[in-house]
Amino acid sequence: MLSDPRVPARGGKGNQVTRRDKRPRKGGDAADPRPAGGRWRLRNWRLGTKLFAVLLIPALAVIALVGLRISSDLRDAQQLAEFATRGRVDSTVAEAVHELQRERDLTVRFVAQNRQGDTAELTAQRNRVDQAIGTFERTLADSKPRLDAKAADSLQQTDDRLRVLGGLRFSAEHSAFPADAVLRSYSELISGLLDISDSAAADVSDPELARLRLAGNALARIKDQMSVKRAVLGEALAVGTLDRDRTRALLGAEAELAAARNDYRTFATPDQQRMFDDTVIGLVVDIGNDMVESALTRTENNQNLSGLDPNQWDTSATHTVNLTHQVQQALLVQLQERTDALAAQARTAALWDGGVVLGVLLVAGVLSVVIARSLLRPLRILRRTALEVAEHRLPAAVQNLLTDPEPAPENLRKRLAVAPVPVFTREEVGQVARAFDAVHGEAVRLAGEQAMLRENVNAMFVNLSQRSQDLVERQLSVLDRMEADEQDPDTLAGLFELDHLATRMRRNSENLLVLSGHDSAREDAGAVSADEIVGAALSEVEHYQRIELGPAPQIAVRGEAVNDLVHVVSELLENATRYSGDETVTVSSAETHDGDWQIEIVDHGAGMPQAEIDRTNVRLAHPPDVDVEVSRRMGLFVVATLATRHHIDVKLSAGAESGLVATVLVPSALIAELPPMPAPPPPAEPAAQPEPELLAPLAPLTPPEP
């Protein structure tokens, strides 16, 4: 019988030596009598985590300090890159201012000539100014994304100031403004542009770069005052006299020029001063200076300027301004090169610092990994070996001992030998490995003793069961003789009941053989039909009267599986009748379209919860190890073992209204053709032939009437 999976088993300790835990193990953790605490407790950290935590704090400190240094270098590199971008924009501004200064001087001369004369040169100059402004605007538009907000706003102010140039040109050409008013308007525009350029020097942190920027600003002022002198004296030569206002303007330009030269000498290096002195020199420059002194002297003596050539003055003054512009361009080039060099140097420093830190961290990380691996690898080997011993080696050793529990002494010594844990260091981990080897060896020895004990117990089961079977077989033979000779119905009914009890005793002995691992299969008598198998199973059930049999398919089962299949079906029928009260148990069977034989046993008892049905189906598909719990539910274990032996599928399911449905699916590999029917006896012989005996393991096909 299945031993009531619907009724909970009574308590008991069971055999803890032979039962193995099938739950998946994680890390081989053993039971700890003390609470482990939370996962964030320091003692629960993994060793690798602890090593990482030890190295993390100094590593973070180093990274933080060097990160500040790299951040400073990158910030300087970014600032210098923006300054270099602004330097390229300032170069276009300087070019536009240079052309605008020439336009101012030509416009002042044109106005001084009563706005008459040839305007071709002025028009050409205005075109050059427009081209320079266009270059500045394009450069500014391209550079704005790489500039900070302050620099972008400053340069945008420059662009906004240049937008008034159109109105200034119109007023100078078509209004009645005098030449000095036009000069002031142009000069205010140019001075505003120079002031915006001067403000950029305040944002420079490098001293050498700041001095170079200030020297360039001073040189721009020098050139502007030279241009103012050109405009003032050009206007005076156009009208033939240097009046008081023009004299004051000329002397003011001379004073501003001297102050700007002093600033240049203050900020410029000796090489830069020498470059200016060697460039702004020559006969043409001297002629221009002489003409200024001559004009001032004549004005002081109340003489006119008729002896001075306006064209010569324009040529010499323009030549001097252009030479100064060359020096200015050279300074701008130096400024750009210095800015680019400092930006590259800052980027290189940041990369170098980052590379050094990264290298140090990599070296430290490699060393840490090497040291950590030297600690963790032996521990992993020890853990893996421990799990392998617990899950594979020790069970294999036990199985080996079960196969041959009494080997020769030399073979027993080999079986009890254990492979050492492959950790042979002399430090603490190696010592733990040797201690584990000792534990492993002792466990194998104890397992061997337990395996031999289990084998002895199984042998006792087999001996006792076989003795019981012999007695039961003799008892059945005696009962058969008594049934054949008895004529009284009541006595015959009692004999039939004794026959059933003896048959059940024989099945119980066979259960003990299955429990001990012994193959209880009886002699193979060839293929047996399906109805004979069901009838034989029915004859081994106590309450066979309540079983209703359906028609069996016209098939047979191969002889090697007949007795085990009868045993399986009888256990299921016994269980169904035991727990279905007085209800009828129905047995139906049919051949499936795949050639399998499906048997369904339906009872109408109390049934089982679905969770218990699922657990029982798992046990039926995977027979558990033998322990005390198995002995309490021996029928379940026997059914699972015998069904697994022949690949027969046994499942339980809930009934439609109540009870259970046990389904047995015999695979087509066990199905055979029906054996040929015996030939009918010849009619000439009136004597009845004796009824052919059933196969030894089978009960009568039709249960006897009580």
# chains A, B, ... in the order shown; residues from 1 in each chain; ligands from 1
>>> residues_around(residues="range 571-580 of chain A", least_positions_apart="2", cutoff="7 Å", atoms="only C-alpha atoms", output="ChimeraX atom specification")
/A:1-2,4,541,543,567-569,582-583,585,603-606,635
>>> residues_around(residues="Ala255 in chain A", least_positions_apart="2", cutoff="12 Å", atoms="only C-alpha atoms", output="ChimeraX atom specification")
/A:221-222,225-226,228-229,248-253,257-262
>>> write_last_selection(atoms="C-alpha atoms", output="PDB file, in the first residue's frame")
ATOM      1  CA  ARG A 221      47.850 102.882 -27.922  1.00  0.00           C
ATOM      2  CA  ILE A 222      51.141 103.970 -29.488  1.00  0.00           C
ATOM      3  CA  GLN A 225      48.242 108.101 -31.210  1.00  0.00           C
ATOM      4  CA  MET A 226      50.462 107.936 -34.299  1.00  0.00           C
ATOM      5  CA  VAL A 228      45.744 110.619 -34.471  1.00  0.00           C
ATOM      6  CA  LYS A 229      48.849 112.668 -35.273  1.00  0.00           C
ATOM      7  CA  ARG A 248      46.312 121.278 -28.675  1.00  0.00           C
ATOM      8  CA  ALA A 249      45.173 118.013 -30.303  1.00  0.00           C
ATOM      9  CA  LEU A 250      48.611 117.418 -31.813  1.00  0.00           C
ATOM     10  CA  LEU A 251      50.404 118.099 -28.536  1.00  0.00           C
ATOM     11  CA  GLY A 252      47.909 115.893 -26.720  1.00  0.00           C
ATOM     12  CA  ALA A 253      48.623 113.078 -29.162  1.00  0.00           C
ATOM     13  CA  LEU A 257      52.246 108.722 -27.400  1.00  0.00           C
ATOM     14  CA  ALA A 258      55.036 109.329 -24.900  1.00  0.00           C
ATOM     15  CA  ALA A 259      52.974 107.826 -22.061  1.00  0.00           C
ATOM     16  CA  ALA A 260      52.158 104.780 -24.159  1.00  0.00           C
ATOM     17  CA  ARG A 261      55.859 104.354 -25.003  1.00  0.00           C
ATOM     18  CA  ASN A 262      56.696 104.431 -21.302  1.00  0.00           C
TER      19      ASN A 262
END
>>> residues_around(residues="Thr241 in chain A", least_positions_apart="5", cutoff="8 Å", atoms="only C-alpha atoms", output="ChimeraX atom specification")
/A:236,299,304-305
>>> select_by_dssp(residues="range 442-601 of chain A", states="helix (DSSP H, G or I)", output="ChimeraX atom specification")
/A:442-485,489-515,530-538,544-546,559-578
>>> closest_residue(among="A:Thr269, A:Gln101, A:Gln329, A:Gln303", to="Ile190 in chain A", atoms="only C-alpha atoms")
A:Gln101
>>> closest_residue(among="A:His647, A:Arg86, A:Arg373, A:Arg41", to="Ala149 in chain A", atoms="only C-alpha atoms")
A:Arg86
>>> residues_around(residues="range 288-298 of chain A", least_positions_apart="4", cutoff="10 Å", atoms="only C-alpha atoms", output="PyMOL selection string")
chain A and resi 229-230+233+236-237+241-242+247+250-251+254+283-284+302-310+312-320
>>> write_last_selection(atoms="C-alpha atoms", output="PDB file, in the first residue's frame")
ATOM      1  CA  LYS A 229      48.849 112.668 -35.273  1.00  0.00           C
ATOM      2  CA  ARG A 230      48.487 111.684 -38.906  1.00  0.00           C
ATOM      3  CA  LEU A 233      48.451 117.234 -39.047  1.00  0.00           C
ATOM      4  CA  ALA A 236      46.077 121.170 -40.770  1.00  0.00           C
ATOM      5  CA  LEU A 237      48.072 120.722 -43.969  1.00  0.00           C
ATOM      6  CA  THR A 241      47.317 126.337 -40.897  1.00  0.00           C
ATOM      7  CA  LEU A 242      47.628 124.723 -37.462  1.00  0.00           C
ATOM      8  CA  THR A 247      47.833 122.387 -31.942  1.00  0.00           C
ATOM      9  CA  LEU A 250      48.611 117.418 -31.813  1.00  0.00           C
ATOM     10  CA  LEU A 251      50.404 118.099 -28.536  1.00  0.00           C
ATOM     11  CA  GLU A 254      52.357 113.561 -28.585  1.00  0.00           C
ATOM     12  CA  LEU A 283      64.499 107.902 -43.100  1.00  0.00           C
ATOM     13  CA  VAL A 284      60.765 107.988 -43.754  1.00  0.00           C
ATOM     14  CA  ASN A 302      52.877 132.340 -36.322  1.00  0.00           C
ATOM     15  CA  GLN A 303      53.918 130.986 -39.698  1.00  0.00           C
ATOM     16  CA  ASN A 304      51.733 129.067 -42.091  1.00  0.00           C
ATOM     17  CA  LEU A 305      52.370 125.488 -43.200  1.00  0.00           C
ATOM     18  CA  SER A 306      52.706 126.210 -46.895  1.00  0.00           C
ATOM     19  CA  GLY A 307      56.163 124.706 -47.055  1.00  0.00           C
ATOM     20  CA  LEU A 308      55.068 121.258 -45.841  1.00  0.00           C
ATOM     21  CA  ASP A 309      53.818 118.683 -48.388  1.00  0.00           C
ATOM     22  CA  PRO A 310      50.566 116.956 -47.293  1.00  0.00           C
ATOM     23  CA  GLN A 312      54.759 113.508 -47.982  1.00  0.00           C
ATOM     24  CA  TRP A 313      53.321 113.737 -44.490  1.00  0.00           C
ATOM     25  CA  ASP A 314      50.655 111.169 -45.250  1.00  0.00           C
ATOM     26  CA  THR A 315      53.243 108.829 -46.729  1.00  0.00           C
ATOM     27  CA  SER A 316      55.712 109.115 -43.855  1.00  0.00           C
ATOM     28  CA  ALA A 317      53.019 108.964 -41.145  1.00  0.00           C
ATOM     29  CA  THR A 318      51.318 105.992 -42.768  1.00  0.00           C
ATOM     30  CA  HIS A 319      54.679 104.254 -43.102  1.00  0.00           C
ATOM     31  CA  THR A 320      55.358 104.781 -39.397  1.00  0.00           C
TER      32      THR A 320
END
>>> atom_distance(atom1="CA of Val457 in chain A", atom2="CA of Glu442 in chain A")
22.4 Å
>>> closest_residue(among="A:Ala238, A:Val357, A:Ala536, A:Val93", to="Leu60 in chain A", atoms="only C-alpha atoms")
A:Val357
>>> closest_residue(among="A:Ser227, A:Gln125, A:Ser509, A:Gln598", to="Gln466 in chain A", atoms="only C-alpha atoms")
A:Ser509
